[in-house]
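Below you'll find the structure, written out as structure tokens, and then a few comments.
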There are 4 protein chains.
Amino acid sequence: MGKYRVLIDANDEKGLVHKVSTLFYNNDLNIISNSEFVDKENNKFFMRSVVDGDIEYSRLQELLTEVLPTSANIEVIRPQKKNIIIMVTKEMHALGDILIRHEAGELEANILCVISNYNDLESLVSKFNIAFVTISHIDLDRAEHENKILECLAQYKDIDYIVLAKYMRILTPRFVEQYEDKIINIHHSFLPAFIGANPYKQAYDRGVKIIGATSHFVNNNLDEGPIIAQEVIHVDHAYGWRDMQRSGRDVEKIVLSRALKLALEDRIFVYANKTVIF
Amino acid sequence: MGKYRVLIDANDEKGLVHKVSTLFYNNDLNIISNSEFVDKENNKFFMRSVVDGDIEYSRLQELLTEVLPTSANIEVIRPQKKNIIIMVTKEMHALGDILIRHEAGELEANILCVISNYNDLESLVSKFNIAFVTISHIDLDRAEHENKILECLAQYKDIDYIVLAKYMRILTPRFVEQYEDKIINIHHSFLPAFIGANPYKQAYDRGVKIIGATSHFVNNNLDEGPIIAQEVIHVDHAYGWRDMQRSGRDVEKIVLSRALKLALEDRIFVYANKTVIF
Amino acid sequence: MGKYRVLIDANDEKGLVHKVSTLFYNNDLNIISNSEFVDKENNKFFMRSVVDGDIEYSRLQELLTEVLPTSANIEVIRPQKKNIIIMVTKEMHALGDILIRHEAGELEANILCVISNYNDLESLVSKFNIAFVTISHIDLDRAEHENKILECLAQYKDIDYIVLAKYMRILTPRFVEQYEDKIINIHHSFLPAFIGANPYKQAYDRGVKIIGATSHFVNNNLDEGPIIAQEVIHVDHAYGWRDMQRSGRDVEKIVLSRALKLALEDRIFVYANKTVIF
Amino acid sequence: MGKYRVLIDANDEKGLVHKVSTLFYNNDLNIISNSEFVDKENNKFFMRSVVDGDIEYSRLQELLTEVLPTSANIEVIRPQKKNIIIMVTKEMHALGDILIRHEAGELEANILCVISNYNDLESLVSKFNIAFVTISHIDLDRAEHENKILECLAQYKDIDYIVLAKYMRILTPRFVEQYEDKIINIHHSFLPAFIGANPYKQAYDRGVKIIGATSHFVNNNLDEGPIIAQEVIHVDHAYGWRDMQRSGRDVEKIVLSRALKLALEDRIFVYANKTVIF
């Protein structure tokens with residue numbers, strides 16, 4: 001009974017669209033939108049449909065499982081606000097952009113809490129009546145620090161996404177594996193250029209004429225996870241690296257918010273360390 | 001027997017994707033790519049599929065006609081080089097870009113001839129062994145001049161597209177109606193800004209910080225036909241209007257060539273004075 | 001004693017750079033940055049220098065007046081926070097972006113107050129301990145409503161800029177003349193396309209492939225004041241006008257904040273209904 | 001007697017603008033345009049002026065040498081067509097773009113000849129009555145092959161720039177040193193991402209959402225010379241690497257032509273493996 005997002009990926013074979021669209025038709029489901037893509041190199045089929053109609057969630061899932069090959073991953077999603085955690089360090093722009101969108105009601109998300117290793121941003125977050133948790137890393141080794149964060153996260157049972165809105169510490173494999181394809185990062189360079197620390201300084205030193213930002217899912221290779229969105233701006237010789245940093249902030253926040261929106265609307269498939277985005 | 005592009009537009013109703021994909025499936029056609037769009041405001045359905053398989057062209061057309069509602073426009077196209085006429089005045093850049101692409105073999109088109117009201121570009125076109133016809137407008141009224149052009153065009157029976165690569169004269173309704181949705185123009189502004197003569201001068205006078213170019217199908221309202229592609233570049237106070245013109249040329253040629261490519265690949269639907277592009 | 005921004009515009013004549021740079025040199029002023037532009041069409045010279053050194057503000061002004069022709073406009077500015085008023089209606093994004101930048105300390109401005117004809121945004125503004133004044137237009141004619149706003153503004157003696165962050169009412173000539181070249185507006189289209197109401201609807205109806213936003217000083221011709229900054233994003237047939245509106249918000253807020261930053265840094269000359277920006 | 005471009009770089013010190021502008025003034029030279037930049041990190045001053053007036057070329061050079069510190073590099077250039085050599089392999093687009101610009105008379109250059117290791121592009125170049133020299137690398141080691149190219153180049157005494165318009169072989173240090181800051185390359189990626197072979201394949205494998213092209217001077221570190229110009233385009237999951245390659249061609253040719261234009265207009269300073277561009 002309602003509106004569903006149906007996400008399917010499967011090994012490609014003849015008849016997949018036919019099978020799914022026939023199922024929708026026979027169950028009197030109205031297709032609101034429909035996107036398909038076949039990755040020929042990997043012989044992989046992707047489909048995202050939004051349908052409307054008079055069918056139980058579990059019944060739709062069941063029917064799709066019946067008609068599709070066993071290789072298929074099938075997700076039927078009832079559109080609703082997702083639960084997100086935001087992690088930050090000290091910079092305000094990316095967090096601020098998300099908070100304003102949230103306040104404006106344009107973000108399909110509940111912000112469960114904001115976690116930081118510093119308390120600089122507590123004052124901002126508190127204005128919006130959102131929980132802010134400072135978990136300092138001082139005097140802790142990486143594992144101890146992460147344990148504290150994981151404990152904090154454990155309080156929340158349904159975390160859909162963890163958004164690293166300029167969280168400037170590297171997460172360990174243990175952490176990352178626990179939230180596979182659920183951690184969205186913003187890296188302040190046009191990846192794969194300038195992996196690692198202070199990419200604006202690197203960009204300045206290299207004398208590039210364009211800088212950028214990249215939002216990606218985090219995996220266990222630094223700055224090498226599946227890319228969701230990228231954007232760039234032009235710079236010139238008059239930009240010192242701090243000017244690049246300042247100008248780059250606008251790109252960073254827009255790209256992160258765009259990636260988050262795609263995730264919240266269930267528009268992203270992750271496959272072969274890349275994304276298919278409908 | 002072969003590969004077909006199938007273009008369908010119809011009043012939207014439940015089951016269209018189902019009907020078409022079932023038809024493809026039952027006839028053992030492999031879907032290479034598939035795009036759909038529903039214009040909800042106008043309740044209009046658009047679909048473009050590329051399929052491969054063992055079916056006669058006419059049989060596929062017939063079967064589609066059987067399953068689809070009578071409102072549907074159905075085009076089955078066998079991919080092959082299309083026949084184009086290029087019309088120019090004196091500027092070389094847009095024509096030159098098309099000629100080089102043609103020479104490089106990346107344009108799915110036969111250039112039947114280049115028509116101009118001046119002979120300035122004859123020398124360039126002749127290098128490429130392409131017919132160049134000068135039809136001067138001097139001492140002719142608009143109708144007489146166009147009659148001569150129409151006579152020239154009448155020699156060629158299958159003209160798929162007429163490309164106005166900076167043809168600086170306005171075509172009359174009589175001409176335009178004869179080649180409806182077949183005349184592709186490049187206008188040297190970001191339409192609908194700066195309709196009409198010397199848009200760069202207009203842009204300069206207005207003090208804009210961005211200029212652009214627009215490729216569109218020609219209809220009988222000047223610069224108001226369905227837009228196919230647009231692109232822009234940043235300018236600043238240091239640009240005189242001739243600088244804008246110079247910089248604008250790169251945008252013009254790229255946008256026109258991009259629009260032409262979309263047309264040659266049968267990716268454009270024209271509807272309600274707009275385009276749907278897959 | 002200190003750092004000054006020197007802005008000069010004058011009728012162009014030989015020796016202006018020589019005169020100014022010699023003055024700087026003789027007074028032992030260090031040039032931090034220097035930009036010049038000559039508008040040849042209007043025979044107009046523009047120069048912006050940032051200098052550092054041991055000279056009184058009034059002395060520098062005096063010396064410049066001595067060496068420069070009487071046609072010259074000379075401004076010596078001591079960099080400091082400017083006083084701004086923000087006017088809004090109901091939309092949060094442009095205001096929110098400015099508030100976050102202000103909170104982050106990256107805006108060289110004191111926000112004196114936010115004025116709106118509705119109280120929707122009061123809750124947001126109050127979080128930041130900034131005065132919010134609701135001046136409803138209900139049951140008032142335009143003059144009465146503006147009188148109330150002008151009364152409110154009259155409380156503040158040094159208003160450097162009034163920022164219309166999606167203030168959706170037209171200001172009268174009386175208002176505009178009082179704050180000439182001090183009112184910065186964001187228009188939600190790529191001007192001069194789609195002047196007036198609901199530009200996204202206009203853009204949708206026209207079927208454009210790019211939409212944009214324009215920040216400009218307000219004069220008495222609707223949406224025709226001197227343009228400060230413009231930016232665009234690509235859209236396609238799948239965008240309804242509300243999608244354009246949603247996507248356009250990111251462009252609007254970035255462009256307005258960019259224009260405001262240029263104004264706060266005294267980088268803008270207004271001349272002949274255009275801007276020269278250094 | 002005439003119009004000169006004056007390029008100066010020097011260790012920064014107080015009074016440089018004063019000295020140069022006073023010299024111009026005292027010699028009754030009219031400043032057409034003037035740009036300055038100080039690289040504070042390296043304490044380096046850059047200035048490019050275009051002046052018009054009644055002074056001998058050598059006299060202007062002499063006077064500038066007198067007033068400027070000994071650290072200064074001074075170039076006085078009489079604007080005229082520069083001599084260029086183009087080197088290519090098999091791809092037509094970048095070469096074709098330059099040839100069309102040359103034919104249109106918009107390139108301030110004489111094309112002395114086009115050199116290739118294949119003869120695929122001879123037919124195109126011959127149309128324009130430009131010398132084409134095939135120097136095959138087959139059965140030659142790198143040194144032998146380059147010797148032949150150097151011999152060919154030795155015929156021309158004044159080569160201002162060598163343009164690598166998709167020349168797909170690496171030049172040796174011996175070659176590069178002989179033409180320091182004179183070899184302009186186009187690399188088909190957004191450097192420093194995807195250095196080396198087949199960057200489009202690398203970009204595809206990485207799953208980037210933006211691809212680009214970079215024009216740079218060649219030095220002896222592969223793809224690490226000073227960057228002149230960069231541009232990008234958006235791609236998505238539907239782009240195979242050959243699609244990226246196809247779309248990338250438009251960016252490559254535009255960026256290379258833009259860089260070449262900057263060089264021909266003497267707008268580029270090379271310093272610290274970067275460029276300052278006026």
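Residue numbering restarts at 1 for every chain of the structure tokens, chains are lettered A, B, ... in their displayed order, and ligands are numbered from 1 as they appear.
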Which residues in region 19-161 of chain B does DSSP call alpha helix (DSSP H)? List them as a VMD selection string.
chain B and resid 19 to 26 57 to 67 93 to 103 122 to 127 142 to 154
Kindly export the residues of the current selection with N, CA and C atoms, as a short mmCIF file (atom, residue, chain, number, x, y, z; two decimals), in the first residue's frame.
data_model
loop_
_atom_site.label_atom_id
_atom_site.label_comp_id
_atom_site.auth_asym_id
_atom_site.auth_seq_id
_atom_site.Cartn_x
_atom_site.Cartn_y
_atom_site.Cartn_z
N LYS B 19 4.66 -3.56 -22.29
CA LYS B 19 4.31 -4.00 -23.65
C LYS B 19 5.53 -4.05 -24.56
N VAL B 20 6.32 -2.98 -24.52
CA VAL B 20 7.47 -2.92 -25.40
C VAL B 20 8.52 -3.94 -24.99
N SER B 21 8.80 -4.04 -23.69
CA SER B 21 9.87 -4.96 -23.27
C SER B 21 9.45 -6.41 -23.47
N THR B 22 8.17 -6.68 -23.34
CA THR B 22 7.68 -8.04 -23.61
C THR B 22 7.80 -8.37 -25.09
N LEU B 23 7.46 -7.40 -25.92
CA LEU B 23 7.64 -7.58 -27.37
C LEU B 23 9.09 -7.89 -27.69
N PHE B 24 10.00 -7.10 -27.12
CA PHE B 24 11.43 -7.34 -27.36
C PHE B 24 11.81 -8.75 -26.89
N TYR B 25 11.33 -9.11 -25.73
CA TYR B 25 11.69 -10.39 -25.14
C TYR B 25 11.16 -11.56 -25.98
N ASN B 26 9.90 -11.45 -26.37
CA ASN B 26 9.30 -12.54 -27.15
C ASN B 26 9.93 -12.71 -28.51
N TYR B 57 13.27 -5.28 -40.17
CA TYR B 57 12.94 -3.90 -39.86
C TYR B 57 11.41 -3.69 -39.88
N SER B 58 10.79 -4.10 -40.97
CA SER B 58 9.35 -3.83 -41.15
C SER B 58 8.51 -4.64 -40.17
N ARG B 59 8.98 -5.84 -39.86
CA ARG B 59 8.28 -6.68 -38.91
C ARG B 59 8.28 -6.04 -37.52
N LEU B 60 9.41 -5.46 -37.13
CA LEU B 60 9.51 -4.82 -35.82
C LEU B 60 8.57 -3.62 -35.75
N GLN B 61 8.55 -2.87 -36.80
CA GLN B 61 7.65 -1.70 -36.89
C GLN B 61 6.20 -2.18 -36.73
N GLU B 62 5.86 -3.22 -37.44
CA GLU B 62 4.51 -3.78 -37.45
C GLU B 62 4.09 -4.25 -36.05
N LEU B 63 4.98 -5.00 -35.42
CA LEU B 63 4.67 -5.54 -34.09
C LEU B 63 4.47 -4.42 -33.07
N LEU B 64 5.34 -3.40 -33.15
CA LEU B 64 5.20 -2.28 -32.22
C LEU B 64 3.87 -1.57 -32.43
N THR B 65 3.49 -1.40 -33.67
CA THR B 65 2.22 -0.75 -33.98
C THR B 65 1.05 -1.55 -33.40
N GLU B 66 1.16 -2.87 -33.46
CA GLU B 66 0.10 -3.72 -32.92
C GLU B 66 -0.08 -3.56 -31.41
N VAL B 67 1.05 -3.53 -30.67
CA VAL B 67 0.91 -3.53 -29.21
C VAL B 67 0.69 -2.15 -28.61
N HIS B 93 34.60 29.01 -38.00
CA HIS B 93 34.87 28.10 -36.88
C HIS B 93 33.88 26.94 -36.76
N ALA B 94 32.58 27.22 -36.90
CA ALA B 94 31.60 26.16 -36.70
C ALA B 94 31.65 25.17 -37.87
N LEU B 95 31.74 25.69 -39.06
CA LEU B 95 31.89 24.83 -40.24
C LEU B 95 33.18 24.02 -40.13
N GLY B 96 34.27 24.69 -39.78
CA GLY B 96 35.56 24.00 -39.69
C GLY B 96 35.51 22.85 -38.71
N ASP B 97 34.86 23.06 -37.61
CA ASP B 97 34.76 22.00 -36.60
C ASP B 97 34.02 20.78 -37.15
N ILE B 98 32.96 21.04 -37.90
CA ILE B 98 32.21 19.92 -38.48
C ILE B 98 33.05 19.21 -39.56
N LEU B 99 33.74 20.00 -40.37
CA LEU B 99 34.55 19.39 -41.43
C LEU B 99 35.64 18.49 -40.86
N ILE B 100 36.29 18.95 -39.79
CA ILE B 100 37.36 18.14 -39.19
C ILE B 100 36.78 16.87 -38.58
N ARG B 101 35.65 16.97 -37.91
CA ARG B 101 35.02 15.77 -37.36
C ARG B 101 34.64 14.80 -38.47
N HIS B 102 34.14 15.36 -39.56
CA HIS B 102 33.77 14.54 -40.71
C HIS B 102 35.01 13.83 -41.27
N GLU B 103 36.06 14.61 -41.43
CA GLU B 103 37.32 14.05 -41.96
C GLU B 103 37.88 12.97 -41.02
N GLU B 122 34.46 28.95 -49.57
CA GLU B 122 34.59 27.97 -50.65
C GLU B 122 35.96 27.30 -50.62
N SER B 123 36.98 28.12 -50.40
CA SER B 123 38.34 27.60 -50.42
C SER B 123 38.52 26.52 -49.36
N LEU B 124 37.98 26.75 -48.17
CA LEU B 124 38.09 25.74 -47.11
C LEU B 124 37.34 24.47 -47.47
N VAL B 125 36.12 24.62 -47.91
CA VAL B 125 35.27 23.45 -48.17
C VAL B 125 35.85 22.61 -49.31
N SER B 126 36.39 23.29 -50.31
CA SER B 126 36.94 22.59 -51.47
C SER B 126 38.10 21.67 -51.08
N LYS B 127 38.86 22.07 -50.06
CA LYS B 127 39.97 21.23 -49.60
C LYS B 127 39.48 19.83 -49.25
N ARG B 142 14.02 38.43 -50.44
CA ARG B 142 14.17 37.25 -49.60
C ARG B 142 13.57 36.00 -50.25
N ALA B 143 12.43 36.18 -50.87
CA ALA B 143 11.75 35.03 -51.48
C ALA B 143 12.56 34.50 -52.67
N GLU B 144 13.05 35.40 -53.48
CA GLU B 144 13.84 34.96 -54.64
C GLU B 144 15.09 34.20 -54.18
N HIS B 145 15.73 34.76 -53.15
CA HIS B 145 16.95 34.12 -52.66
C HIS B 145 16.66 32.72 -52.12
N GLU B 146 15.62 32.65 -51.36
CA GLU B 146 15.26 31.34 -50.79
C GLU B 146 14.82 30.35 -51.86
N ASN B 147 14.15 30.85 -52.87
CA ASN B 147 13.78 29.96 -53.97
C ASN B 147 15.00 29.28 -54.57
N LYS B 148 16.03 30.07 -54.73
CA LYS B 148 17.26 29.50 -55.29
C LYS B 148 17.85 28.43 -54.36
N ILE B 149 17.78 28.71 -53.07
CA ILE B 149 18.30 27.72 -52.12
C ILE B 149 17.44 26.46 -52.17
N LEU B 150 16.13 26.67 -52.18
CA LEU B 150 15.22 25.51 -52.21
C LEU B 150 15.42 24.69 -53.47
N GLU B 151 15.65 25.35 -54.58
CA GLU B 151 15.97 24.63 -55.83
C GLU B 151 17.22 23.78 -55.66
N CYS B 152 18.20 24.38 -55.04
CA CYS B 152 19.45 23.64 -54.81
C CYS B 152 19.19 22.43 -53.93
N LEU B 153 18.41 22.64 -52.87
CA LEU B 153 18.12 21.53 -51.95
C LEU B 153 17.30 20.44 -52.65
N ALA B 154 16.47 20.85 -53.59
CA ALA B 154 15.58 19.91 -54.26
C ALA B 154 16.34 18.83 -55.03
#
What are the residues of chain A that have an atom within 6 Å of an atom of chain D, counting only C-alpha atoms, as a PyMOL selection string?
chain A and resi 192-193+207+209+230+237+274+276
Dump of N, CA and C atoms for the selected residues, as a PDB file, in the first residue's frame:
ATOM      1  N   PRO A 192      41.387  11.435  -8.264  1.00  0.00           N
ATOM      2  CA  PRO A 192      42.479  10.955  -7.414  1.00  0.00           C
ATOM      3  C   PRO A 192      43.666  11.901  -7.325  1.00  0.00           C
ATOM      4  N   ALA A 193      43.512  13.142  -7.724  1.00  0.00           N
ATOM      5  CA  ALA A 193      44.614  14.069  -7.509  1.00  0.00           C
ATOM      6  C   ALA A 193      44.661  14.444  -6.031  1.00  0.00           C
ATOM      7  N   GLY A 207      50.638  23.971  -8.923  1.00  0.00           N
ATOM      8  CA  GLY A 207      50.272  25.034  -9.864  1.00  0.00           C
ATOM      9  C   GLY A 207      49.093  24.700 -10.756  1.00  0.00           C
ATOM     10  N   LYS A 209      45.266  24.810 -12.297  1.00  0.00           N
ATOM     11  CA  LYS A 209      44.392  25.925 -12.659  1.00  0.00           C
ATOM     12  C   LYS A 209      42.936  25.626 -12.297  1.00  0.00           C
ATOM     13  N   GLN A 230      31.516  14.921  -7.778  1.00  0.00           N
ATOM     14  CA  GLN A 230      32.695  15.783  -7.836  1.00  0.00           C
ATOM     15  C   GLN A 230      32.310  17.121  -8.441  1.00  0.00           C
ATOM     16  N   HIS A 237      47.037  31.951 -10.738  1.00  0.00           N
ATOM     17  CA  HIS A 237      48.297  32.110 -10.013  1.00  0.00           C
ATOM     18  C   HIS A 237      48.158  33.003  -8.777  1.00  0.00           C
ATOM     19  N   LYS A 274      32.947   1.579  -7.832  1.00  0.00           N
ATOM     20  CA  LYS A 274      32.373   2.748  -8.519  1.00  0.00           C
ATOM     21  C   LYS A 274      30.925   2.892  -8.094  1.00  0.00           C
ATOM     22  N   VAL A 276      26.937   3.670  -9.616  1.00  0.00           N
ATOM     23  CA  VAL A 276      25.956   3.915 -10.672  1.00  0.00           C
ATOM     24  C   VAL A 276      24.895   4.798 -10.026  1.00  0.00           C
TER      25      VAL A 276
END
Just to confirm, what's the straight-line distance from CA of Val114 (chain A) to CA of Ile85 (chain A) in Å (one decimal)?
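Computed distance, CA of Val114 (chain A) to CA of Ile85 (chain A), equals 6.0 Å.
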Nearest residue to Met92 (chain A) from the set A:Asp120, A:Glu106, A:Asp139, A:Glu177 (distances using only C-alpha atoms)
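Going through A:Asp120, A:Glu106, A:Asp139, A:Glu177 one by one, the smallest distance to Met92 (chain A) is for A:Asp120.
All residues within region 56-110 of chain B that the backbone DSSP calculation assigns to strand (DSSP E or B) are Asn73, Ile74, Glu75, Val76, Ile77, Lys82, Asn83, Ile84, Ile85, Ile86, Met87, Val88, Ala109 and Asn110 of chain B.
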Which residue gives the smallest distance to Gly212 (chain B) among B:His137, B:Arg174, B:Lys261, B:Lys253, with only C-alpha atoms counted?
B:Lys253
Report the distance between CA of Val76 (chain C) and CA of Gly2 (chain C) in Å, rounded to one decimal place.
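Pair CA of Val76 (chain C) / CA of Gly2 (chain C) returns 11.7 Å.
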Length of the CA of Ala213 (chain D) to CA of Arg258 (chain A) vector [Å]:
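About the pair CA of Ala213 (chain D) and CA of Arg258 (chain A): they are 24.7 Å apart.
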Tell me, as a PyMOL selection string, which residues lie within 10 Å of Ile170 (chain B), counting only C-alpha atoms; anything in the same chain fewer than 5 positions away does not count.
chain B and resi 142+176+196+218+220+222-223
Could you write those residues out with all heavy atoms, as a short mmCIF file (atom, residue, chain, number, x, y, z; two decimals), in the first residue's frame?
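This went into out-v4.cif:
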data_model
loop_
_atom_site.label_atom_id
_atom_site.label_comp_id
_atom_site.auth_asym_id
_atom_site.auth_seq_id
_atom_site.Cartn_x
_atom_site.Cartn_y
_atom_site.Cartn_z
N ARG B 142 14.02 38.43 -50.44
CA ARG B 142 14.17 37.25 -49.60
C ARG B 142 13.57 36.00 -50.25
O ARG B 142 14.15 34.91 -50.21
CB ARG B 142 13.53 37.52 -48.23
CG ARG B 142 13.87 36.50 -47.16
CD ARG B 142 13.46 36.97 -45.78
NE ARG B 142 14.21 38.15 -45.37
CZ ARG B 142 15.40 38.09 -44.75
NH1 ARG B 142 15.94 36.93 -44.44
NH2 ARG B 142 16.02 39.20 -44.41
N VAL B 176 11.05 27.10 -43.45
CA VAL B 176 11.11 26.38 -42.18
C VAL B 176 10.09 25.25 -42.13
O VAL B 176 10.39 24.13 -41.67
CB VAL B 176 10.89 27.37 -41.01
CG1 VAL B 176 10.71 26.64 -39.69
CG2 VAL B 176 12.06 28.34 -40.92
N GLY B 196 18.12 37.79 -31.39
CA GLY B 196 18.29 38.74 -32.49
C GLY B 196 19.72 39.06 -32.81
O GLY B 196 20.63 38.27 -32.56
N VAL B 218 15.07 25.15 -35.63
CA VAL B 218 14.51 26.42 -36.08
C VAL B 218 13.01 26.27 -36.27
O VAL B 218 12.54 25.31 -36.88
CB VAL B 218 15.16 26.84 -37.41
CG1 VAL B 218 14.50 28.09 -37.97
CG2 VAL B 218 16.65 27.05 -37.22
N ASN B 220 9.33 29.10 -36.54
CA ASN B 220 9.06 30.40 -37.15
C ASN B 220 9.05 31.58 -36.19
O ASN B 220 8.69 32.68 -36.56
CB ASN B 220 7.77 30.34 -37.96
CG ASN B 220 8.08 29.71 -39.31
OD1 ASN B 220 9.09 30.04 -39.90
ND2 ASN B 220 7.24 28.80 -39.75
N LEU B 222 11.72 33.72 -34.24
CA LEU B 222 13.17 33.92 -34.25
C LEU B 222 13.82 33.51 -32.92
O LEU B 222 13.48 34.03 -31.87
CB LEU B 222 13.47 35.40 -34.52
CG LEU B 222 14.96 35.77 -34.58
CD1 LEU B 222 15.68 35.02 -35.68
CD2 LEU B 222 15.13 37.26 -34.74
N ASP B 223 14.76 32.59 -33.01
CA ASP B 223 15.54 32.15 -31.84
C ASP B 223 14.66 31.55 -30.75
O ASP B 223 15.04 31.52 -29.58
CB ASP B 223 16.36 33.32 -31.26
CG ASP B 223 17.34 33.88 -32.29
OD1 ASP B 223 17.75 33.11 -33.17
OD2 ASP B 223 17.68 35.06 -32.21
#
Considering only C-alpha atoms, state which residue in the set B:Ala197, B:Ile254, B:Val163, B:Ile74 is at the smallest distance from Ile111 (chain B).
B:Val163
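Shortest separation to Ile138 (chain A) among A:Ile8, A:Arg246, A:Tyr118, A:Tyr156 occurs at residue A:Tyr118, atoms counted being only C-alpha atoms.
Around Ile115 (chain C), within 6 Å and counting only C-alpha atoms, the residues found are Met87, Phe132, Val133 and Thr134 of chain C, once anything fewer than 3 positions away on its own chain is removed.
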